[in-house]
Amino acid sequence: MTKYVIKRILLMFLTLFIIMTLSFILIKLLPLPAVREMGRDVNLIYAKREKMGYNKPLMVQYFLFWKSIITEGDWGVGEQMYQSLSVGSVLLQKLPYTIMVNLYSILIAIPLGLVFGIYAALKKNKWQDHMISTLVIVFISVPSYVYAFIVQYVFCYKLGWFSLTLESLDGAALFSWKMFTSMMPAIMALGFGVVAGLARYTRAELSEVLTGDYMLLARTKGLTKAQAISRHAMRNAMVVILPMIIGEFIGILGGSMIIENIFAIPGVGNLFIASINVRDYNFFMALTMFYTFISLASGIVIDLSYGLIDPRIRMGSKK
């Protein structure tokens, strides 16, 4: 198990290095924004680019990029946005908003998805199952940004329950009720797809488990249907469902980039899109590292979760 974890971690860093190398080369091949578009002093811009190493050969820039990160933990400063501010400090300011909207979405979506999936499995091939399955297909097929526009139109414009975008909450605590209600439209837009996906997996896995021979054996030993489901069926079904929940959290984290932009949430997703639009190299590389690392690390966590849920599963075993 230990050898497997070490092997996966080393492979993760190798993959991360390759992705970051390709991203660095591709972003550097793009032309810098013209000085006249910046509305600032020309000589000052040229001097700043010289100091940041933009005029050096590509391999020299790449070496300086990793040297600055490894030795100093410095991702540089913003050039096109947040001029002269440290990239790391800006990310730390934006990160709580992204974590909060994704955390709220997944915490609300998980119970709803499990409830709908379990109910559909228990009512298999009945009208309740058909109705839930049809709705699940519809909600899975629609991307999150479409939900964002629907939520804005129905709950923000027509009903007037929420504001169209995140309100200015000066002085409001990050995890306050006021902040939560202000982010509710974005939470709803992110949560619909998660609820549908989790309900589908739960329904499929639990339906298969309920037809197992050991469920019949449990009933013959005197267990009620509810006891057999809670003690045996759900435990075996969670071997597949729990890793899927972890995967949904990572997926919703990537999808929140568009949602943050639509609802004007000042998170790292909105910052990532802005860095691409204005071609701010330092912010783009730092955020690419962030999302890539989260995605690769989640793969390891998902694989290890199988062994934690069911000790019979041994990762990396040759037997």
# chains A, B, ... in the order shown; residues from 1 in each chain; ligands from 1
$ residues_around --residues "range 183-194 of chain A" --least-positions-apart "5" --cutoff "9 Å" --atoms "only C-alpha atoms" --output "compact mmCIF listing (two decimals) with N, CA and C atoms, in the first residue's frame"
# COMPACT_ATOMS: atom_id res chain seq x y z
N VAL A 101 -18.39 28.69 -2.13
CA VAL A 101 -19.50 28.40 -3.04
C VAL A 101 -19.51 26.93 -3.44
N ASN A 102 -18.34 26.32 -3.59
CA ASN A 102 -18.28 24.90 -3.92
C ASN A 102 -18.64 24.03 -2.73
N LEU A 103 -18.21 24.42 -1.54
CA LEU A 103 -18.52 23.65 -0.33
C LEU A 103 -20.01 23.65 -0.04
N TYR A 104 -20.63 24.81 -0.12
CA TYR A 104 -22.07 24.89 0.11
C TYR A 104 -22.83 24.06 -0.93
N SER A 105 -22.39 24.13 -2.18
CA SER A 105 -23.08 23.40 -3.25
C SER A 105 -23.04 21.90 -3.01
N ILE A 106 -21.86 21.39 -2.65
CA ILE A 106 -21.71 19.95 -2.48
C ILE A 106 -22.40 19.47 -1.21
N ILE A 108 -25.11 20.68 0.11
CA ILE A 108 -26.55 20.65 -0.13
C ILE A 108 -26.91 19.56 -1.13
N ALA A 109 -26.05 19.36 -2.13
CA ALA A 109 -26.36 18.41 -3.21
C ALA A 109 -26.23 16.96 -2.78
N ILE A 110 -25.27 16.64 -1.90
CA ILE A 110 -25.04 15.25 -1.51
C ILE A 110 -26.27 14.62 -0.84
N GLY A 113 -29.07 14.21 -3.49
CA GLY A 113 -28.77 13.17 -4.47
C GLY A 113 -28.91 11.78 -3.89
N VAL A 136 -33.44 13.05 -13.92
CA VAL A 136 -31.99 12.92 -13.80
C VAL A 136 -31.32 13.07 -15.17
N PHE A 139 -31.43 16.77 -16.18
CA PHE A 139 -30.54 17.65 -15.42
C PHE A 139 -29.06 17.35 -15.71
N ILE A 140 -28.74 16.09 -16.00
CA ILE A 140 -27.35 15.76 -16.33
C ILE A 140 -26.97 16.33 -17.70
N SER A 141 -27.94 16.36 -18.61
CA SER A 141 -27.66 16.79 -19.98
C SER A 141 -27.45 18.30 -20.11
N VAL A 142 -27.92 19.05 -19.15
CA VAL A 142 -27.85 20.52 -19.24
C VAL A 142 -26.61 21.01 -18.51
N PRO A 143 -25.75 21.83 -19.15
CA PRO A 143 -24.56 22.35 -18.48
C PRO A 143 -24.92 23.37 -17.40
N SER A 144 -23.98 23.57 -16.49
CA SER A 144 -24.25 24.41 -15.31
C SER A 144 -24.52 25.87 -15.67
N TYR A 145 -23.89 26.37 -16.75
CA TYR A 145 -24.11 27.78 -17.07
C TYR A 145 -25.53 28.04 -17.59
N VAL A 146 -26.19 26.99 -18.13
CA VAL A 146 -27.60 27.13 -18.52
C VAL A 146 -28.46 27.26 -17.27
N TYR A 147 -28.16 26.44 -16.26
CA TYR A 147 -28.86 26.58 -14.99
C TYR A 147 -28.68 27.98 -14.41
N ALA A 148 -27.49 28.55 -14.60
CA ALA A 148 -27.22 29.88 -14.06
C ALA A 148 -28.18 30.90 -14.65
N PHE A 149 -28.41 30.83 -15.96
CA PHE A 149 -29.32 31.78 -16.59
C PHE A 149 -30.77 31.52 -16.17
N ILE A 150 -31.12 30.24 -16.01
CA ILE A 150 -32.48 29.92 -15.57
C ILE A 150 -32.71 30.42 -14.15
N VAL A 151 -31.74 30.19 -13.27
CA VAL A 151 -31.86 30.65 -11.88
C VAL A 151 -31.95 32.17 -11.82
N GLN A 152 -31.14 32.84 -12.62
CA GLN A 152 -31.19 34.30 -12.66
C GLN A 152 -32.55 34.80 -13.12
N PHE A 155 -35.53 32.94 -10.25
CA PHE A 155 -35.44 33.27 -8.83
C PHE A 155 -34.96 34.70 -8.57
N CYS A 156 -34.22 35.26 -9.51
CA CYS A 156 -33.69 36.62 -9.30
C CYS A 156 -34.55 37.68 -9.97
N PHE A 162 -33.48 36.75 -4.92
CA PHE A 162 -32.05 37.02 -4.80
C PHE A 162 -31.65 38.09 -5.80
N SER A 163 -30.44 38.61 -5.63
CA SER A 163 -29.90 39.56 -6.58
C SER A 163 -29.29 38.81 -7.76
N LEU A 164 -29.20 39.48 -8.91
CA LEU A 164 -28.68 38.83 -10.11
C LEU A 164 -27.22 38.43 -9.97
N THR A 165 -26.45 39.24 -9.30
CA THR A 165 -25.03 38.96 -9.06
C THR A 165 -24.74 39.11 -7.57
N LEU A 166 -23.55 38.74 -7.17
CA LEU A 166 -23.17 38.82 -5.76
C LEU A 166 -23.23 40.26 -5.29
N GLU A 167 -23.94 40.49 -4.20
CA GLU A 167 -24.07 41.84 -3.67
C GLU A 167 -22.77 42.29 -3.02
N LYS A 178 -25.86 36.22 5.59
CA LYS A 178 -26.03 37.20 4.52
C LYS A 178 -25.21 36.81 3.29
N ALA A 199 -27.68 11.02 -7.81
CA ALA A 199 -28.90 10.22 -7.78
C ALA A 199 -28.81 9.06 -8.77
N ILE A 245 -18.60 10.77 -4.94
CA ILE A 245 -18.85 12.05 -4.28
C ILE A 245 -17.59 12.91 -4.32
N GLU A 248 -17.22 14.28 -7.73
CA GLU A 248 -18.16 15.35 -8.00
C GLU A 248 -17.65 16.67 -7.43
N PHE A 249 -17.00 16.62 -6.26
CA PHE A 249 -16.47 17.86 -5.68
C PHE A 249 -15.41 18.46 -6.58
N GLY A 251 -15.15 17.95 -9.83
CA GLY A 251 -15.81 18.40 -11.04
C GLY A 251 -16.52 19.72 -10.86
N ILE A 252 -17.15 19.90 -9.71
CA ILE A 252 -17.87 21.15 -9.45
C ILE A 252 -16.88 22.30 -9.25
N GLY A 255 -16.10 23.41 -12.74
CA GLY A 255 -17.26 24.06 -13.35
C GLY A 255 -17.59 25.40 -12.76
N SER A 256 -17.12 25.68 -11.55
CA SER A 256 -17.43 26.95 -10.91
C SER A 256 -16.75 28.13 -11.56
N ILE A 259 -19.46 29.77 -13.53
CA ILE A 259 -20.50 30.27 -12.63
C ILE A 259 -20.01 31.50 -11.87
N GLU A 260 -18.78 31.48 -11.42
CA GLU A 260 -18.23 32.64 -10.72
C GLU A 260 -18.23 33.88 -11.62
N ILE A 262 -20.35 34.43 -14.15
CA ILE A 262 -21.73 34.85 -14.41
C ILE A 262 -22.30 35.61 -13.23
N PHE A 263 -22.04 35.13 -12.01
CA PHE A 263 -22.61 35.75 -10.81
C PHE A 263 -21.66 36.75 -10.14
N ILE A 265 -18.77 36.47 -8.71
CA ILE A 265 -18.19 36.04 -7.44
C ILE A 265 -16.67 36.23 -7.52
$ residues_around --residues "Lys124 in chain A" --least-positions-apart "6" --cutoff "10 Å" --atoms "only C-alpha atoms" --output "ChimeraX atom specification"
/A:118,130,203-204,207
$ write_last_selection --atoms "N, CA and C atoms" --output "PDB file, in the first residue's frame"
ATOM      1  N   ILE A 118     -31.693   6.705  -3.529  1.00  0.00           N
ATOM      2  CA  ILE A 118     -32.184   5.602  -2.695  1.00  0.00           C
ATOM      3  C   ILE A 118     -33.677   5.373  -2.920  1.00  0.00           C
ATOM      4  N   HIS A 130     -39.370   5.964 -12.609  1.00  0.00           N
ATOM      5  CA  HIS A 130     -39.352   6.494 -13.971  1.00  0.00           C
ATOM      6  C   HIS A 130     -39.295   8.021 -13.974  1.00  0.00           C
ATOM      7  N   ARG A 203     -28.811   5.225  -7.461  1.00  0.00           N
ATOM      8  CA  ARG A 203     -29.905   4.364  -7.902  1.00  0.00           C
ATOM      9  C   ARG A 203     -29.373   3.107  -8.590  1.00  0.00           C
ATOM     10  N   ALA A 204     -28.389   3.284  -9.485  1.00  0.00           N
ATOM     11  CA  ALA A 204     -27.849   2.145 -10.220  1.00  0.00           C
ATOM     12  C   ALA A 204     -27.124   1.166  -9.296  1.00  0.00           C
ATOM     13  N   SER A 207     -29.600  -0.504  -6.668  1.00  0.00           N
ATOM     14  CA  SER A 207     -30.495  -1.466  -7.323  1.00  0.00           C
ATOM     15  C   SER A 207     -29.786  -2.791  -7.544  1.00  0.00           C
TER      16      SER A 207
END
$ closest_residue --among "A:Ile132, A:Ala297, A:Val278, A:Val268" --to "Leu92 in chain A" --atoms "only C-alpha atoms"
A:Val268
$ select_by_dssp --residues "range 25-166 of chain A" --states "strand (DSSP E or B)" --output "ChimeraX atom specification"
/A:77-78,83,86
$ atom_distance --atom1 "CA of Thr71 in chain A" --atom2 "CA of Leu296 in chain A"
23.3 Å
$ atom_distance --atom1 "CA of Thr292 in chain A" --atom2 "CA of Leu114 in chain A"
28.5 Å
$ select_by_dssp --residues "range 8-208 of chain A" --states "alpha helix (DSSP H)" --output "number ranges by chain"
A: 8-29, 42-51, 58-72, 87-122, 127-141, 144-151, 177-208
$ closest_residue --among "A:Leu159, A:Val77, A:Leu95, A:Ala286" --to "Gly267 in chain A" --atoms "only C-alpha atoms"
A:Leu95
